[in-house]
>>> print(open('final29.cif').read())   # mmCIF, C-alpha atoms and all ligand atoms
data_data
loop_
_atom_site.label_atom_id
_atom_site.label_comp_id
_atom_site.auth_asym_id
_atom_site.auth_seq_id
_atom_site.Cartn_x
_atom_site.Cartn_y
_atom_site.Cartn_z
CA MET A 1 31.76 1.42 -1.28
CA SER A 2 28.51 0.72 -3.10
CA ASP A 3 26.63 3.43 -4.98
CA SER A 4 23.51 2.57 -3.01
CA LEU A 5 22.30 5.32 -0.69
CA LEU A 6 19.08 3.69 0.51
CA ARG A 7 18.10 0.04 0.45
CA VAL A 8 14.78 -1.30 1.70
CA GLU A 9 14.51 -5.07 1.92
CA ASN A 10 11.36 -7.15 2.40
CA LEU A 11 9.63 -4.52 4.48
CA ASN A 12 6.36 -5.40 6.22
CA VAL A 13 4.31 -2.81 8.08
CA PHE A 14 1.02 -3.31 9.90
CA TYR A 15 -1.59 -0.98 11.38
CA GLY A 16 -3.17 -3.38 13.86
CA ASN A 17 -4.42 -6.18 11.63
CA ILE A 18 -4.07 -4.19 8.42
CA HIS A 19 -1.06 -5.37 6.45
CA ALA A 20 -0.23 -2.03 4.81
CA ILE A 21 3.23 -2.80 3.37
CA LYS A 22 3.90 -6.27 2.01
CA ASN A 23 7.47 -7.39 1.38
CA VAL A 24 8.47 -4.11 -0.19
CA SER A 25 12.03 -3.86 -1.47
CA LEU A 26 13.48 -0.82 -3.18
CA GLU A 27 16.75 0.93 -3.75
CA VAL A 28 17.84 4.51 -4.28
CA LYS A 29 21.32 5.08 -5.67
CA LYS A 30 23.40 8.18 -5.05
CA GLY A 31 22.35 11.04 -7.30
CA GLU A 32 19.11 9.49 -8.47
CA ILE A 33 15.54 10.67 -8.43
CA VAL A 34 13.48 7.57 -7.71
CA THR A 35 9.73 7.85 -7.68
CA LEU A 36 7.21 5.69 -5.90
CA ILE A 37 3.84 5.98 -7.60
CA GLY A 38 0.51 4.43 -6.79
CA ALA A 39 -3.12 5.15 -6.09
CA ASN A 40 -4.53 6.56 -2.89
CA GLY A 41 -4.07 4.02 -0.08
CA ALA A 42 -1.36 2.03 -1.88
CA GLY A 43 1.07 2.51 1.01
CA LYS A 44 3.30 5.29 -0.27
CA THR A 45 3.18 7.45 2.87
CA THR A 46 3.59 4.42 5.13
CA THR A 47 6.74 3.46 3.22
CA LEU A 48 8.27 6.93 3.62
CA GLN A 49 7.30 7.20 7.29
CA THR A 50 8.92 3.83 7.96
CA ILE A 51 12.14 4.86 6.23
CA SER A 52 12.31 8.08 8.26
CA GLY A 53 11.74 6.22 11.52
CA ILE A 54 8.29 7.55 12.36
CA ILE A 55 6.57 4.18 11.89
CA ARG A 56 8.09 0.82 12.95
CA SER A 57 8.15 -2.14 10.59
CA LYS A 58 7.18 -5.63 11.69
CA SER A 59 9.96 -7.18 9.62
CA GLY A 60 12.43 -6.29 6.92
CA SER A 61 15.47 -4.04 6.83
CA ILE A 62 16.34 -0.49 5.88
CA TYR A 63 19.91 0.49 5.06
CA TYR A 64 21.23 4.01 4.61
CA ARG A 65 24.80 4.19 3.28
CA ASP A 66 25.00 0.46 4.03
CA LYS A 67 24.23 1.11 7.69
CA ASP A 68 21.23 -0.68 9.16
CA ILE A 69 18.81 2.05 10.30
CA THR A 70 15.74 -0.18 10.67
CA LYS A 71 15.52 0.46 14.40
CA GLU A 72 16.95 3.97 14.56
CA ARG A 73 14.86 6.82 15.86
CA ALA A 74 13.57 9.54 13.59
CA HIS A 75 15.85 12.34 14.81
CA LYS A 76 18.90 10.08 14.48
CA ILE A 77 17.94 9.19 10.91
CA ASN A 78 17.55 12.90 10.17
CA HIS A 79 20.95 13.50 11.74
CA LEU A 80 22.47 10.83 9.45
CA GLY A 81 21.29 12.81 6.40
CA VAL A 82 17.72 11.82 5.60
CA ALA A 83 15.00 14.50 5.64
CA GLN A 84 11.32 14.10 4.91
CA VAL A 85 8.83 16.58 3.52
CA PRO A 86 5.56 15.20 4.86
CA GLU A 87 2.31 14.80 2.99
CA GLY A 88 0.17 17.90 3.45
CA ARG A 89 3.33 19.95 4.27
CA ARG A 90 2.70 20.06 8.07
CA ILE A 91 4.05 23.52 8.50
CA PHE A 92 3.44 25.43 11.73
CA THR A 93 0.76 27.81 10.52
CA ASN A 94 0.97 30.14 13.54
CA LEU A 95 4.71 30.58 13.28
CA SER A 96 6.57 32.86 10.92
CA VAL A 97 8.22 31.59 7.77
CA GLU A 98 11.62 32.13 9.42
CA ASP A 99 10.72 30.11 12.52
CA ASN A 100 9.37 27.29 10.35
CA ILE A 101 12.60 27.13 8.38
CA GLU A 102 14.65 27.09 11.58
CA MET A 103 12.64 24.09 12.84
CA GLY A 104 14.27 22.04 10.11
CA SER A 105 17.63 22.07 11.81
CA TYR A 106 16.54 20.93 15.25
CA ALA A 107 18.03 17.43 14.91
CA VAL A 108 21.40 18.60 13.63
CA LYS A 109 23.96 20.72 15.45
CA GLN A 110 24.73 23.82 13.45
CA SER A 111 26.63 26.95 14.29
CA HIS A 112 24.96 30.29 13.65
CA LYS A 113 27.13 30.68 10.56
CA GLU A 114 26.19 27.26 9.18
CA LYS A 115 22.54 28.05 9.75
CA GLU A 116 22.84 31.33 7.85
CA ALA A 117 24.60 29.57 4.98
CA ALA A 118 21.93 26.87 4.82
CA MET A 119 19.25 29.56 4.79
CA GLU A 120 20.93 31.52 2.01
CA LYS A 121 20.95 28.37 -0.11
CA ILE A 122 17.25 27.89 0.48
CA PHE A 123 16.55 31.53 -0.45
CA LYS A 124 18.47 31.07 -3.67
CA MET A 125 16.07 28.31 -4.63
CA PHE A 126 12.97 29.98 -3.20
CA PRO A 127 13.53 33.76 -3.32
CA ARG A 128 9.93 34.29 -2.30
CA MET A 129 10.66 32.82 1.13
CA LYS A 130 13.24 35.51 1.83
CA GLU A 131 10.69 38.23 1.04
CA ARG A 132 8.23 36.57 3.41
CA LEU A 133 10.42 35.77 6.43
CA ALA A 134 8.20 37.54 8.93
CA GLN A 135 4.90 36.41 7.40
CA ARG A 136 2.76 33.96 9.35
CA ALA A 137 3.16 30.65 7.50
CA GLY A 138 -0.57 29.89 7.54
CA THR A 139 -1.20 32.90 5.31
CA LEU A 140 1.06 31.62 2.49
CA SER A 141 -0.56 30.11 -0.60
CA GLY A 142 -0.53 26.33 -1.03
CA GLY A 143 2.41 26.46 -3.41
CA GLU A 144 4.37 28.75 -1.09
CA GLN A 145 3.65 26.44 1.85
CA GLN A 146 5.09 23.54 -0.15
CA MET A 147 8.22 25.58 -0.87
CA LEU A 148 8.46 26.34 2.84
CA ALA A 149 8.10 22.64 3.72
CA ILE A 150 10.88 21.75 1.29
CA GLY A 151 13.03 24.63 2.55
CA ARG A 152 12.56 23.47 6.14
CA ALA A 153 13.69 19.95 5.20
CA LEU A 154 16.76 21.36 3.44
CA MET A 155 17.93 23.07 6.65
CA SER A 156 19.39 19.78 7.87
CA LYS A 157 21.40 19.57 4.60
CA PRO A 158 20.12 16.11 3.72
CA ASP A 159 21.84 13.80 1.26
CA LEU A 160 18.54 11.98 0.81
CA LEU A 161 15.28 13.91 0.58
CA LEU A 162 11.99 12.05 0.95
CA LEU A 163 9.13 13.98 -0.68
CA ASP A 164 5.54 12.92 -0.02
CA GLU A 165 3.16 14.22 -2.70
CA PRO A 166 4.68 17.68 -3.13
CA SER A 167 2.26 18.50 -5.96
CA MET A 168 -0.89 17.68 -4.01
CA GLY A 169 -3.52 20.41 -4.22
CA LEU A 170 -1.36 22.83 -6.19
CA SER A 171 -2.27 24.78 -9.30
CA PRO A 172 -0.56 23.61 -12.53
CA LEU A 173 1.83 26.55 -12.46
CA PHE A 174 3.05 25.73 -8.95
CA VAL A 175 3.25 22.03 -9.82
CA LYS A 176 5.60 22.89 -12.66
CA GLU A 177 7.70 25.12 -10.40
CA ILE A 178 7.94 22.49 -7.66
CA PHE A 179 9.03 19.79 -10.10
CA GLU A 180 11.61 22.13 -11.64
CA ASN A 181 12.99 22.73 -8.17
CA ILE A 182 13.16 18.99 -7.47
CA SER A 183 15.23 18.56 -10.64
CA LYS A 184 17.44 21.44 -9.53
CA LEU A 185 18.02 19.78 -6.15
CA LYS A 186 19.16 16.66 -7.96
CA GLU A 187 21.58 18.70 -10.09
CA GLU A 188 23.01 20.17 -6.88
CA GLY A 189 23.69 16.67 -5.58
CA THR A 190 20.69 15.76 -3.45
CA THR A 191 19.34 12.25 -3.92
CA ILE A 192 15.55 12.09 -3.97
CA LEU A 193 12.83 9.57 -3.24
CA LEU A 194 9.65 11.12 -4.59
CA VAL A 195 6.19 9.83 -3.73
CA GLU A 196 3.48 11.03 -6.09
CA GLN A 197 -0.03 10.39 -7.29
CA ASN A 198 0.82 12.68 -10.20
CA ALA A 199 2.55 9.81 -11.99
CA LYS A 200 2.93 11.71 -15.24
CA MET A 201 5.02 14.51 -13.72
CA ALA A 202 6.92 12.18 -11.42
CA LEU A 203 7.91 9.81 -14.23
CA SER A 204 9.01 12.75 -16.36
CA ILE A 205 11.71 13.85 -13.88
CA ALA A 206 12.65 10.51 -12.29
CA ASP A 207 15.45 8.14 -13.25
CA ARG A 208 13.74 5.03 -11.95
CA ALA A 209 10.32 4.17 -10.58
CA TYR A 210 8.42 1.68 -8.46
CA VAL A 211 4.69 1.12 -8.75
CA LEU A 212 2.94 0.32 -5.49
CA GLU A 213 -0.45 -1.39 -5.43
CA THR A 214 -2.22 -2.34 -2.17
CA GLY A 215 1.09 -2.47 -0.32
CA LYS A 216 3.06 -4.42 -2.92
CA VAL A 217 5.61 -3.38 -5.52
CA ILE A 218 4.00 -4.62 -8.74
CA MET A 219 6.37 -3.01 -11.25
CA GLU A 220 9.77 -1.36 -11.23
CA GLY A 221 12.23 -0.04 -13.74
CA ASP A 222 13.51 2.83 -15.80
CA ALA A 223 11.12 5.80 -15.49
CA LYS A 224 10.95 6.43 -19.25
CA GLU A 225 10.22 2.78 -19.94
CA LEU A 226 7.48 2.67 -17.33
CA ARG A 227 5.98 5.84 -18.79
CA ASP A 228 5.59 4.04 -22.11
CA ASP A 229 4.32 0.81 -20.60
CA PRO A 230 0.70 0.15 -21.70
CA LYS A 231 -0.34 -1.11 -18.26
CA VAL A 232 1.11 1.95 -16.48
CA LYS A 233 -0.42 4.23 -19.09
CA LYS A 234 -3.86 2.75 -18.58
CA ALA A 235 -3.79 2.56 -14.78
CA TYR A 236 -1.80 5.67 -13.83
CA LEU A 237 -1.49 8.06 -16.73
CA GLY A 238 -5.13 8.28 -17.71
CA ALA A 239 -4.46 7.02 -21.24
N1 LIG B 301 -2.84 5.37 11.04
C1 LIG B 301 -3.41 4.41 10.32
N2 LIG B 301 -4.18 3.46 10.91
C2 LIG B 301 -4.76 2.46 10.20
N3 LIG B 301 -4.58 2.31 8.88
C3 LIG B 301 -3.83 3.20 8.24
C4 LIG B 301 -3.20 4.29 8.92
N4 LIG B 301 -2.50 5.03 8.01
C5 LIG B 301 -2.69 4.43 6.82
N5 LIG B 301 -3.49 3.33 6.94
C6 LIG B 301 -3.89 2.41 5.87
O1 LIG B 301 -2.71 1.87 5.28
C7 LIG B 301 -2.86 1.82 3.86
C8 LIG B 301 -1.77 2.66 3.21
O2 LIG B 301 -1.96 4.02 3.51
P1 LIG B 301 -0.95 5.16 3.04
O3 LIG B 301 0.43 4.70 3.31
O4 LIG B 301 -1.38 6.41 3.65
O5 LIG B 301 -1.20 5.17 1.45
P2 LIG B 301 -0.86 6.29 0.37
O6 LIG B 301 0.10 7.23 0.95
O7 LIG B 301 -0.31 5.51 -0.79
O8 LIG B 301 -2.16 6.94 0.02
C9 LIG B 301 -4.27 2.30 3.56
O9 LIG B 301 -5.10 1.17 3.46
C10 LIG B 301 -4.61 3.14 4.76
O10 LIG B 301 -6.01 3.15 4.98
MG MG B 302 -0.01 9.27 1.15
#
>>> encode(input="final29.cif", output="structure tokens", more="lines below")
Ligand SMILES: Nc1ncnc2c1ncn2[C@@H]1O[C@H](COP(=O)(O)OP(=O)(O)O)[C@@H](O)[C@H]1O
Ligand SMILES: [Mg+2]
Amino acid sequence: MSDSLLRVENLNVFYGNIHAIKNVSLEVKKGEIVTLIGANGAGKTTTLQTISGIIRSKSGSIYYRDKDITKERAHKINHLGVAQVPEGRRIFTNLSVEDNIEMGSYAVKQSHKEKEAAMEKIFKMFPRMKERLAQRAGTLSGGEQQMLAIGRALMSKPDLLLLDEPSMGLSPLFVKEIFENISKLKEEGTTILLVEQNAKMALSIADRAYVLETGKVIMEGDAKELRDDPKVKKAYLGA
């Protein structure tokens, strides 16, 4: 048994003629937080969507627990233990908080009891969600909507959580809270692939990092080392 949970090898993704992802390879080991940083348009979302089966690659392979999932469908990949929190949250604004959370378990078979247990775990992390169960999700604040989107993804009890820009558009206080919760999820045993434009925060909680530039991995390594790298500092940390 290897300690690799996710392995992406030589991935190429196109939108028509646009070569969005160019020979991207990356690995996430069990228990790690790995972050994928890069500017707007670098290909971060495309990479996550391809891993979760929403977008098809032209070539390359994706392995989850050493199983080839390159051609699996999205709901099957979710069923295997991979859940994605999409960019911009994508919650159902007209539905209640409770209904949104329940949506997260559609791909996995759960008894009523299992569902309740999964929900209780989510409420432990986000007590505010429990107070707001009946509230229409569209009336939550941005930070609360992000918590809801993460909570929804946790309903399928993923071993690997893919987070796409969880800090986007949030006030500094919520950003801090969201990142603290991501660290907590890791402590509780969830492995995390975190996509962020907020490189500073992402590198501060991650174990390892990949830097994506116009579809290519241009740097990779220990998160602390990358944080101190002059080139990363200049290009991504505003130093
Ligand atoms: N649906 C699409 N159709 C055509 N091009 C797209 C589409 N989605 C993304 N792209 C292009 O692919 C590249 C990578 O985009 P994306 O993965 O969204 O980057 P990021 O998440 O890093 O901002 C960009 O050049 C973007 O314009
Ligand atoms: Mg994106």
>>> atom_distance(input="final29.cif", atom1="atom O5 of ligand LIG 301 (chain B)", atom2="atom CA of Ile62 of chain A")
19.0 Å
>>> atom_distance(input="final29.cif", atom1="atom CA of Glu165 of chain A", atom2="atom CA of Glu27 of chain A")
19.0 Å
>>> residues_near_ligand(input="final29.cif", ligand="ligand LIG 301 (chain B)", cutoff="7 Å", atoms="only C-alpha atoms and all ligand atoms", output="VMD selection string")
chain A and resid 15 18 20 38 to 47 215
>>> closest_residue(input="final29.cif", among="A:Lys157, A:Arg65, A:Arg89, A:Arg7", to="ligand MG 302 (chain B)", atoms="only C-alpha atoms and all ligand atoms")
A:Arg89
>>> closest_residue(input="final29.cif", among="A:Glu116, A:Glu144, A:Asp207, A:Glu187", to="Leu170 of chain A", atoms="only C-alpha atoms")
A:Glu144
>>> closest_residue(input="final29.cif", among="A:Lys200, A:Arg152, A:Arg136, A:His79", to="Ile122 of chain A", atoms="only C-alpha atoms")
A:Arg152
>>> closest_residue(input="final29.cif", among="A:Val8, A:Val108, A:Leu237, A:Ala199", to="Asn78 of chain A", atoms="only C-alpha atoms")
A:Val108
>>> closest_residue(input="final29.cif", among="A:Gly31, A:Pro166, A:Pro158, A:Gly104", to="Gly143 of chain A", atoms="all atoms listed in the file")
A:Pro166
>>> closest_residue(input="final29.cif", among="A:Gln146, A:Ser96, A:Ser61, A:Gln49", to="Ile178 of chain A", atoms="all atoms listed in the file")
A:Gln146
>>> residues_around(input="final29.cif", residues="Gly60 of chain A", least_positions_apart="4", cutoff="12 Å", atoms="all atoms listed in the file", output="JSON, numbers by chain")
{"A": [7, 8, 9, 10, 11, 12, 13, 21, 22, 23, 24, 25, 26, 47, 50, 51, 56, 68, 69, 70, 71]}
>>> residues_around(input="final29.cif", residues="Ala202 of chain A", least_positions_apart="3", cutoff="9 Å", atoms="all atoms listed in the file", output="PyMOL selection string")
chain A and resi 34-37+179+194-199+205-206+209+223
>>> residues_around(input="final29.cif", residues="Asn100 of chain A", least_positions_apart="5", cutoff="10 Å", atoms="only C-alpha atoms", output="PyMOL selection string")
chain A and resi 91-95+105+133+136-137+148-149+151-153
>>> atom_distance(input="final29.cif", atom1="atom CA of Leu160 of chain A", atom2="atom CA of Thr214 of chain A")
25.4 Å
